[in-house]
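What follows is input_6.cif (mmCIF, C-alpha atoms).
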```cif
data_entry
#
loop_
_atom_site.label_atom_id
_atom_site.label_comp_id
_atom_site.auth_asym_id
_atom_site.auth_seq_id
_atom_site.Cartn_x
_atom_site.Cartn_y
_atom_site.Cartn_z
CA MET A 1 0.00 0.00 0.00
CA TRP A 2 2.86 2.35 0.83
CA MET A 3 4.42 1.67 -2.57
CA ASP A 4 1.12 2.38 -4.30
CA THR A 5 0.78 5.69 -2.45
CA LYS A 6 4.35 6.65 -3.34
CA THR A 7 3.73 5.85 -7.01
CA GLU A 8 0.54 7.92 -7.03
CA VAL A 9 2.36 10.89 -5.45
CA GLU A 10 5.15 10.69 -8.02
CA GLU A 11 2.62 10.44 -10.85
CA ALA A 12 0.72 13.46 -9.52
CA SER A 13 3.99 15.41 -9.27
CA ARG A 14 4.85 14.55 -12.87
CA ILE A 15 1.39 15.65 -14.03
CA ARG A 16 1.70 18.96 -12.18
CA ALA A 17 5.19 19.53 -13.58
CA SER A 18 3.95 18.73 -17.09
CA LEU A 19 0.98 21.07 -16.68
CA SER A 20 3.22 23.88 -15.41
CA GLN A 21 5.55 23.38 -18.35
CA ARG A 22 2.65 23.55 -20.82
CA VAL A 23 1.36 26.74 -19.19
CA LEU A 24 4.84 28.28 -19.31
CA ASN A 25 5.26 27.32 -22.96
CA SER A 26 1.88 28.86 -23.77
CA LEU A 27 2.86 32.11 -22.06
CA LEU A 28 6.19 32.20 -23.90
CA LEU A 29 4.31 31.91 -27.20
CA CYS A 30 2.69 35.27 -26.37
CA THR A 31 6.04 37.06 -25.97
CA GLY A 32 8.56 38.26 -28.51
CA ASP A 33 7.65 38.70 -32.16
CA MET A 34 5.03 35.90 -32.25
CA SER A 35 6.24 34.87 -35.72
CA HIS A 36 4.21 31.64 -35.46
CA LEU A 37 1.06 33.75 -35.71
CA ASP A 38 2.00 34.89 -39.22
CA LYS A 39 2.04 31.29 -40.47
CA TYR A 40 -1.31 30.64 -38.83
CA MET A 41 -2.88 33.74 -40.46
CA GLN A 42 -1.71 33.04 -44.02
CA ASP A 43 -4.95 31.40 -45.18
CA LYS A 44 -7.33 33.44 -43.04
CA LEU A 45 -9.74 36.17 -44.16
CA PHE A 46 -8.23 39.48 -45.25
CA VAL A 47 -10.06 41.33 -42.48
CA LEU A 48 -8.46 39.13 -39.82
CA GLN A 49 -5.05 39.56 -41.41
CA LEU A 50 -5.59 43.32 -41.49
CA VAL A 51 -6.31 43.30 -37.75
CA VAL A 52 -3.03 41.52 -37.00
CA TRP A 53 -1.09 43.83 -39.34
CA GLY A 54 -2.65 46.85 -37.64
CA LEU A 55 -1.87 45.58 -34.14
CA ARG A 56 1.76 45.01 -35.13
CA ALA A 57 1.84 48.57 -36.49
CA VAL A 58 0.52 49.89 -33.16
CA THR A 59 3.46 48.34 -31.32
CA ARG A 60 6.00 49.46 -33.95
CA VAL A 61 5.53 52.98 -32.60
CA ILE A 62 7.40 51.91 -29.46
CA LEU A 63 9.81 49.63 -31.37
CA ALA A 64 7.99 46.41 -30.45
CA ASN A 65 6.35 43.85 -32.76
CA ASN A 66 3.72 41.84 -30.93
CA PRO A 67 -0.05 41.80 -31.72
CA LEU A 68 -1.02 41.13 -28.09
CA SER A 69 1.04 44.12 -27.02
CA GLY A 70 -0.88 46.06 -29.65
CA VAL A 71 -4.15 45.07 -27.99
CA LEU A 72 -2.87 46.34 -24.63
CA ILE A 73 -1.66 49.62 -26.14
CA LEU A 74 -4.95 50.27 -27.94
CA THR A 75 -6.78 49.50 -24.69
CA ALA A 76 -4.57 52.06 -22.93
CA LEU A 77 -5.28 54.70 -25.57
CA TYR A 78 -9.04 54.19 -25.44
CA TRP A 79 -8.83 54.22 -21.65
CA ALA A 80 -7.00 57.55 -21.65
CA SER A 81 -9.16 59.13 -24.38
CA PRO A 82 -11.70 57.34 -26.62
CA TRP A 83 -11.28 60.11 -29.19
CA GLN A 84 -7.51 59.64 -29.33
CA GLY A 85 -7.98 55.89 -29.50
CA LEU A 86 -10.32 56.31 -32.47
CA LEU A 87 -7.88 58.63 -34.26
CA GLY A 88 -5.01 56.22 -33.69
CA THR A 89 -7.04 53.30 -35.02
CA LEU A 90 -8.11 55.28 -38.07
CA GLY A 91 -4.52 56.35 -38.76
CA VAL A 92 -3.27 52.77 -38.69
CA LEU A 93 -6.04 51.56 -40.99
CA ALA A 94 -5.65 54.43 -43.46
CA SER A 95 -1.91 53.96 -43.86
CA THR A 96 -2.02 50.15 -43.93
CA LEU A 97 -4.80 50.03 -46.52
CA THR A 98 -2.98 52.63 -48.61
CA ALA A 99 0.10 50.40 -48.60
CA VAL A 100 -2.00 47.42 -49.70
CA ILE A 101 -3.70 49.38 -52.49
CA ILE A 102 -0.50 50.79 -54.00
CA GLY A 103 1.20 47.39 -53.79
CA GLN A 104 3.90 47.85 -51.17
CA ASP A 105 6.05 44.90 -50.10
CA SER A 106 3.78 42.33 -48.44
CA ALA A 107 6.33 41.46 -45.73
CA GLU A 108 6.59 45.13 -44.74
CA VAL A 109 2.80 45.52 -44.69
CA SER A 110 2.22 42.38 -42.61
CA GLY A 111 4.99 43.46 -40.23
CA GLY A 112 3.24 46.76 -39.53
CA LEU A 113 5.98 48.90 -41.05
CA HIS A 114 3.54 50.96 -43.12
CA GLY A 115 1.11 51.63 -40.29
CA PHE A 116 2.95 53.08 -37.32
CA ASN A 117 3.83 56.43 -38.90
CA GLY A 118 0.19 56.94 -39.81
CA MET A 119 -0.83 56.21 -36.24
CA LEU A 120 1.62 58.76 -34.85
CA VAL A 121 0.43 61.42 -37.29
CA SER A 122 -3.19 60.91 -36.30
CA LEU A 123 -2.41 60.92 -32.56
CA LEU A 124 -0.40 64.14 -32.76
CA MET A 125 -3.03 65.86 -34.88
CA GLY A 126 -5.55 65.05 -32.19
CA ALA A 127 -3.23 66.05 -29.35
CA PHE A 128 -2.48 69.48 -30.86
CA SER A 129 -6.01 70.21 -32.07
CA SER A 130 -7.63 73.00 -30.05
CA ALA A 131 -11.07 72.22 -31.45
CA GLY A 132 -11.68 69.65 -28.71
CA ASP A 133 -12.69 65.99 -28.85
CA TRP A 134 -15.07 64.58 -31.44
CA TYR A 135 -14.29 67.28 -33.97
CA TRP A 136 -15.16 65.28 -37.07
CA TRP A 137 -13.51 67.64 -39.57
CA LEU A 138 -10.17 66.47 -38.17
CA LEU A 139 -10.70 63.03 -39.72
CA LEU A 140 -9.93 64.48 -43.16
CA PRO A 141 -6.30 65.53 -42.44
CA VAL A 142 -5.86 62.42 -40.29
CA CYS A 143 -6.66 60.12 -43.23
CA LEU A 144 -4.70 62.18 -45.77
CA GLY A 145 -1.68 62.58 -43.51
CA SER A 146 -1.63 58.89 -42.60
CA ALA A 147 -1.87 57.86 -46.25
CA THR A 148 0.91 60.26 -47.24
CA CYS A 149 3.24 58.58 -44.73
CA VAL A 150 3.22 55.46 -46.91
CA PHE A 151 4.61 57.36 -49.91
CA LEU A 152 7.28 59.02 -47.80
CA PHE A 153 8.20 55.70 -46.19
CA SER A 154 8.59 54.04 -49.58
CA ALA A 155 10.67 56.90 -51.00
CA LEU A 156 12.96 57.18 -47.96
CA SER A 157 13.47 53.41 -47.70
CA SER A 158 14.96 53.31 -51.21
CA VAL A 159 17.60 55.78 -50.02
CA LEU A 160 18.24 54.56 -46.46
CA ASP A 161 18.39 50.88 -47.46
CA ARG A 162 21.75 51.59 -49.10
CA TRP A 163 23.24 52.10 -45.63
CA ASP A 164 21.05 49.45 -43.98
CA LEU A 165 19.20 52.13 -41.99
CA PRO A 166 15.56 52.02 -40.89
CA VAL A 167 13.13 54.67 -42.13
CA SER A 168 11.95 54.95 -38.53
CA VAL A 169 9.56 57.87 -37.89
CA PHE A 170 10.99 60.32 -40.41
CA PRO A 171 7.66 60.34 -42.34
CA PHE A 172 5.71 61.16 -39.18
CA ASN A 173 8.01 64.01 -38.19
CA ILE A 174 7.87 65.50 -41.67
CA ILE A 175 4.10 65.23 -42.08
CA ILE A 176 3.17 66.62 -38.66
CA VAL A 177 5.46 69.65 -39.08
CA LEU A 178 4.04 70.34 -42.56
CA TYR A 179 0.49 70.04 -41.20
CA LEU A 180 1.13 72.49 -38.36
CA LEU A 181 2.84 74.92 -40.75
CA CYS A 182 -0.09 74.76 -43.19
CA THR A 183 -2.58 75.53 -40.45
CA HIS A 184 -2.29 77.98 -37.56
CA PRO A 185 -3.81 78.48 -34.09
CA ASP A 186 -6.69 80.57 -35.49
CA ASN A 187 -7.46 78.40 -38.50
CA PRO A 188 -11.27 78.23 -38.91
CA TYR A 189 -11.25 74.49 -39.66
CA PHE A 190 -8.12 73.04 -38.07
CA PRO A 191 -7.01 75.23 -35.16
CA HIS A 192 -4.19 73.92 -33.00
CA TYR A 193 -2.21 74.76 -29.89
CA THR A 194 1.25 76.27 -30.15
CA ALA A 195 4.20 74.48 -28.60
CA THR A 196 6.03 76.03 -25.65
CA PRO A 197 9.85 75.77 -25.50
CA ALA A 198 11.00 73.32 -22.85
CA GLY A 199 13.59 75.80 -21.60
CA ALA A 200 11.12 78.67 -21.15
CA LEU A 201 11.37 80.16 -17.68
CA GLU A 202 8.48 79.66 -15.29
CA PRO A 203 6.76 82.85 -14.11
CA ASN A 204 6.98 81.74 -10.48
CA GLY A 205 9.72 79.67 -8.88
CA THR A 206 8.36 76.48 -7.31
CA LYS A 207 9.95 73.63 -5.42
CA LEU A 208 10.63 70.43 -7.31
CA ILE A 209 8.31 67.56 -6.31
CA ALA A 210 10.29 64.30 -6.38
CA VAL A 211 7.19 62.09 -6.55
CA GLU A 212 5.95 63.96 -9.61
CA VAL A 213 9.34 63.56 -11.28
CA MET A 214 9.21 59.78 -10.69
CA ARG A 215 5.68 59.73 -12.05
CA GLY A 216 6.89 61.69 -15.07
CA ILE A 217 9.41 58.94 -15.86
CA VAL A 218 6.55 56.47 -16.39
CA LEU A 219 4.59 59.10 -18.29
CA GLY A 220 7.60 59.50 -20.58
CA VAL A 221 6.83 56.02 -21.95
CA GLY A 222 3.17 56.94 -22.45
CA GLN A 223 4.10 60.21 -24.18
CA ILE A 224 5.47 58.17 -27.07
CA TYR A 225 1.75 57.78 -27.90
CA ALA A 226 0.90 61.35 -26.76
CA CYS A 227 -0.69 59.83 -23.64
CA GLU A 228 -0.52 61.91 -20.44
CA ALA A 229 -2.44 59.57 -18.09
CA PHE A 230 -0.52 57.51 -15.54
CA GLY A 231 -2.65 54.33 -15.60
CA PRO A 232 -2.65 53.97 -19.40
CA SER A 233 1.10 54.73 -19.44
CA LEU A 234 1.67 51.84 -17.05
CA LEU A 235 -0.37 49.61 -19.35
CA ILE A 236 1.75 50.71 -22.33
CA LEU A 237 4.87 49.87 -20.34
CA GLY A 238 3.33 46.48 -19.56
CA ALA A 239 2.76 45.92 -23.28
CA VAL A 240 6.45 46.56 -23.94
CA LEU A 241 7.33 44.22 -21.07
CA LEU A 242 5.24 41.48 -22.69
CA TYR A 243 7.23 41.88 -25.90
CA SER A 244 10.67 42.20 -24.29
CA PRO A 245 11.74 42.84 -20.67
CA LEU A 246 15.04 44.27 -21.96
CA LEU A 247 13.23 46.77 -24.16
CA ALA A 248 10.94 47.79 -21.27
CA LEU A 249 13.99 48.29 -19.02
CA HIS A 250 15.64 50.57 -21.56
CA ALA A 251 12.39 52.47 -22.11
CA LEU A 252 12.24 53.37 -18.39
CA LEU A 253 15.97 53.99 -18.27
CA GLY A 254 15.85 56.33 -21.25
CA SER A 255 12.90 58.22 -19.80
CA ALA A 256 14.78 58.63 -16.50
CA VAL A 257 17.82 59.92 -18.41
CA GLY A 258 15.56 62.45 -20.16
CA ALA A 259 14.29 63.70 -16.80
CA LEU A 260 17.86 63.94 -15.50
CA ALA A 261 18.93 65.89 -18.57
CA GLY A 262 16.02 68.27 -18.08
CA LEU A 263 16.91 68.80 -14.43
CA SER A 264 20.50 69.59 -15.36
CA VAL A 265 19.45 72.55 -17.54
CA ALA A 266 16.52 73.72 -15.37
CA VAL A 267 13.65 73.17 -17.80
CA ARG A 268 10.05 73.95 -16.96
CA HIS A 269 8.77 71.68 -14.20
CA ASP A 270 5.58 70.78 -16.03
CA SER A 271 7.72 69.29 -18.83
CA LEU A 272 9.28 67.02 -16.22
CA TYR A 273 6.00 66.08 -14.57
CA SER A 274 4.15 65.39 -17.84
CA GLY A 275 6.84 63.10 -19.26
CA LEU A 276 7.51 65.31 -22.27
CA LEU A 277 11.23 65.27 -21.51
CA GLY A 278 11.32 61.48 -21.17
CA PHE A 279 9.98 60.06 -24.41
CA ASN A 280 12.86 61.14 -26.65
CA GLY A 281 15.32 59.71 -24.15
CA ALA A 282 13.37 56.44 -24.17
CA LEU A 283 13.25 56.34 -27.97
CA GLY A 284 16.97 57.05 -28.10
CA CYS A 285 17.82 54.36 -25.57
CA MET A 286 15.70 51.45 -26.80
CA PRO A 287 17.11 50.98 -30.33
CA VAL A 288 20.66 50.74 -29.02
CA GLY A 289 19.95 48.70 -25.91
CA GLY A 290 19.40 45.36 -27.59
CA LEU A 291 17.17 46.03 -30.59
CA PHE A 292 19.53 47.12 -33.37
CA PHE A 293 22.60 46.12 -31.37
CA THR A 294 23.14 42.86 -29.49
CA PHE A 295 22.80 43.51 -25.76
CA SER A 296 26.07 43.65 -23.79
CA TRP A 297 27.60 45.90 -21.16
CA ARG A 298 29.14 48.00 -23.94
CA THR A 299 25.92 48.50 -25.84
CA HIS A 300 24.12 49.15 -22.55
CA LEU A 301 26.46 52.07 -21.80
CA PHE A 302 26.13 53.07 -25.44
CA ALA A 303 22.32 53.15 -25.02
CA ILE A 304 22.61 55.44 -21.98
CA ALA A 305 24.84 57.80 -23.95
CA SER A 306 22.33 57.74 -26.80
CA ALA A 307 19.52 58.59 -24.36
CA PHE A 308 21.45 61.59 -23.01
CA LEU A 309 22.20 62.84 -26.52
CA SER A 310 18.56 62.42 -27.56
CA ALA A 311 17.31 64.24 -24.45
CA TYR A 312 19.65 67.23 -24.82
CA ALA A 313 18.98 67.42 -28.56
CA ASP A 314 15.25 67.38 -27.82
CA ILE A 315 15.57 70.29 -25.38
CA ALA A 316 17.62 72.24 -27.92
CA LEU A 317 15.19 71.59 -30.77
CA SER A 318 12.23 72.34 -28.51
CA ASN A 319 13.69 75.74 -27.65
CA LEU A 320 14.45 76.43 -31.32
CA LEU A 321 11.17 75.27 -32.88
CA GLY A 322 9.14 76.55 -29.94
CA THR A 323 9.95 80.11 -30.97
CA VAL A 324 7.68 79.61 -33.98
CA GLY A 325 5.14 77.50 -32.07
CA LEU A 326 6.23 74.12 -33.45
CA PRO A 327 6.88 70.97 -31.40
CA ALA A 328 10.19 69.10 -31.56
CA CYS A 329 8.24 65.82 -31.92
CA SER A 330 10.70 62.91 -32.01
CA TRP A 331 13.27 64.49 -34.33
CA ALA A 332 15.96 64.27 -31.64
CA ALA A 333 15.64 60.52 -31.00
CA THR A 334 15.23 59.71 -34.70
CA LEU A 335 18.35 61.60 -35.75
CA THR A 336 20.38 60.34 -32.79
CA ALA A 337 19.47 56.68 -33.37
CA THR A 338 20.29 57.05 -37.07
CA LEU A 339 23.70 58.52 -36.25
CA MET A 340 24.37 55.72 -33.75
CA LEU A 341 23.64 53.12 -36.42
CA LEU A 342 26.19 54.77 -38.71
CA LEU A 343 29.02 54.54 -36.18
CA THR A 344 32.03 52.41 -36.98
CA GLY A 345 34.58 50.80 -34.67
CA SER A 346 34.27 48.00 -32.12
CA LEU A 347 30.59 48.71 -31.46
CA ALA A 348 29.78 48.08 -35.11
CA ALA A 349 30.48 44.40 -34.44
CA TYR A 350 27.32 44.30 -32.29
CA ARG A 351 25.17 45.83 -35.06
CA ILE A 352 22.30 43.66 -36.28
CA PRO A 353 21.23 43.94 -39.96
CA ILE A 354 17.83 45.61 -40.24
CA GLY A 355 16.26 42.58 -41.91
CA GLN A 356 17.26 40.32 -39.01
CA VAL A 357 16.12 42.50 -36.11
CA LYS A 358 13.91 40.67 -33.62
CA ALA A 359 13.16 41.03 -29.92
CA PRO A 360 16.34 41.86 -27.91
CA GLU A 361 16.27 38.48 -26.14
CA HIS A 362 16.04 36.69 -29.49
CA ASN A 363 18.91 38.79 -30.85
CA LEU A 364 21.01 37.84 -27.84
CA ARG A 365 20.30 34.11 -28.25
CA SER A 366 21.00 34.26 -31.98
CA ARG A 367 24.37 35.92 -31.42
CA SER A 368 25.31 33.35 -28.76
CA GLN A 369 24.43 30.49 -31.13
CA TRP A 370 26.33 32.17 -33.97
CA GLU A 371 29.44 32.64 -31.81
CA ALA A 372 29.19 29.05 -30.53
CA GLY A 373 28.98 27.80 -34.12
CA ASN A 374 32.00 29.84 -35.15
CA ASN A 375 34.01 28.55 -32.18
CA THR A 376 33.11 24.94 -33.04
CA GLU A 377 34.07 25.50 -36.67
CA ARG A 378 37.43 26.98 -35.69
CA GLU A 379 38.15 24.07 -33.33
CA SER A 380 37.27 21.51 -36.01
CA THR A 381 39.60 23.13 -38.55
CA ASP A 382 42.59 23.49 -36.23
CA VAL A 383 45.49 21.21 -37.20
#
```
Transcribe the structure of this file into structure tokens.
Amino acid sequence: MWMDTKTEVEEASRIRASLSQRVLNSLLLCTGDMSHLDKYMQDKLFVLQLVVWGLRAVTRVILANNPLSGVLILTALYWASPWQGLLGTLGVLASTLTAVIIGQDSAEVSGGLHGFNGMLVSLLMGAFSSAGDWYWWLLLPVCLGSATCVFLFSALSSVLDRWDLPVSVFPFNIIIVLYLLCTHPDNPYFPHYTATPAGALEPNGTKLIAVEVMRGIVLGVGQIYACEAFGPSLLILGAVLLYSPLLALHALLGSAVGALAGLSVAVRHDSLYSGLLGFNGALGCMPVGGLFFTFSWRTHLFAIASAFLSAYADIALSNLLGTVGLPACSWAATLTATLMLLLTGSLAAYRIPIGQVKAPEHNLRSRSQWEAGNNTERESTDV
């Protein structure tokens, strides 16, 4: 009887261990790039494929590529503002469908590469509009601006591909500046707010609130989507964490660096508290910290340097463009990341070709396997 009981206990333990392993494997399938989902969706209805392409585009804004993360981010946007959520959804659909209609590369379309610029354009048009929520006339420039991003993306990619550089958010930055220059704060159809320089002096000196600064670091991640609410920003950070813990770590780190850079030059406190000084630092830190470069202690320090450069460049551009009422958008991070990818020297050895970029953890495993294979080959050829 004792032997029977022992056998039953061991069998139950094996069943529990097997169940735990299956649950863990199922959870791991939801992380990273979820490339297995693309194979599953190949023979599905176009509408379902379009949904997956759009969700990937939503996450491309924050340098991720996971449809489930896209669901979380859209939920966060609708939670913060249903109007902004609607504009973002419309921007993704307009740009993705435009890419399909004009026959852009199917791999780029399915990967969300033609949708994220359109989403950013639509979100920023809504954020800067002074006409208030549910101003339906705004849908016209949102659709046109999002569609135009596809043409700019295609044109710029033919140039930047020669140096193996990503198009990134150059189309978004160009379109949103052109839109704001074409309109003005008193435009009868498309009025908008003017941007205030980050370095503008405050009328009254106030004490710095440390808790608000810490809160602003999290908001810096949400500001990548023009989101100023703390709860939705946490959800966006959680979406990045689902895709890649390393990427989420560098997003927070870059946002903290942006706040530190702002403190060092005494910017307006509301820029610190709202996260506006953090998002360029985050966008400058993430590409280098494991996405376009294999993660190591060198590239980690390199990512911190990139975040500082992006943050200071953002403050400088904000002060410059703010004099004419224009926002600096993400010009600083985009230009800084592009320059970092052009660097030569020992760090260039960690560079990952654009066509092979995956989640940072996948990049790290791939490099380890590649180095192990090279070591084995060298040992086998030694005489």
_Residues in the PyMOL selection byres ((chain A and resi 163) around 12), expressed as a list in words_ =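 Evaluating the PyMOL selection byres ((chain A and resi 163) around 12) on these coordinates yields Leu156, Ser157, Ser158, Val159, Leu160, Asp161, Arg162, Asp164, Leu165, Pro166, Val167, Thr338, Leu339, Leu341, Leu342, Leu343, Pro353 and Ile354 of chain A.
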*asked:* If we count all atoms listed in the file and set the cut-off at 7 Å, which residues sit around Ser306 of chain A, ignoring sequence neighbours fewer than 4 positions away in its own chain? Please answer as a PyMOL selection string.
replied: chain A and resi 284-285+302+310+336
*Taking only C-alpha atoms into account, which of A:Ala99, A:Ala127, A:Ala266, A:Leu301 comes nearest His114 of chain A?*
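For His114 of chain A, the nearest of the candidates is A:Ala99.
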*Could you tell me how far atom CA of Tyr78 of chain A lies from atom CA of Pro191 of chain A, in Å and to one decimal?*
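Between atom CA of Tyr78 of chain A and atom CA of Pro191 of chain A the gap is 23.3 Å.
Closest approach to Leu97 of chain A among A:Val47, A:Ala80, A:Leu235, A:Ile224 is made by A:Val47 (distances from all atoms listed in the file).
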*Which residues fall under the PyMOL selection byres ((chain A and resi 77) around 9) in this file, as a list in words?*
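When the PyMOL selection byres ((chain A and resi 77) around 9) is applied, the selected residues are Leu72, Ile73, Leu74, Thr75, Ala76, Tyr78, Trp79, Ala80, Ser81, Pro82, Trp83, Gln84, Gly85, Leu86, Gly88, Tyr225, Cys227, Pro232, Ser233 and Ile236 of chain A.
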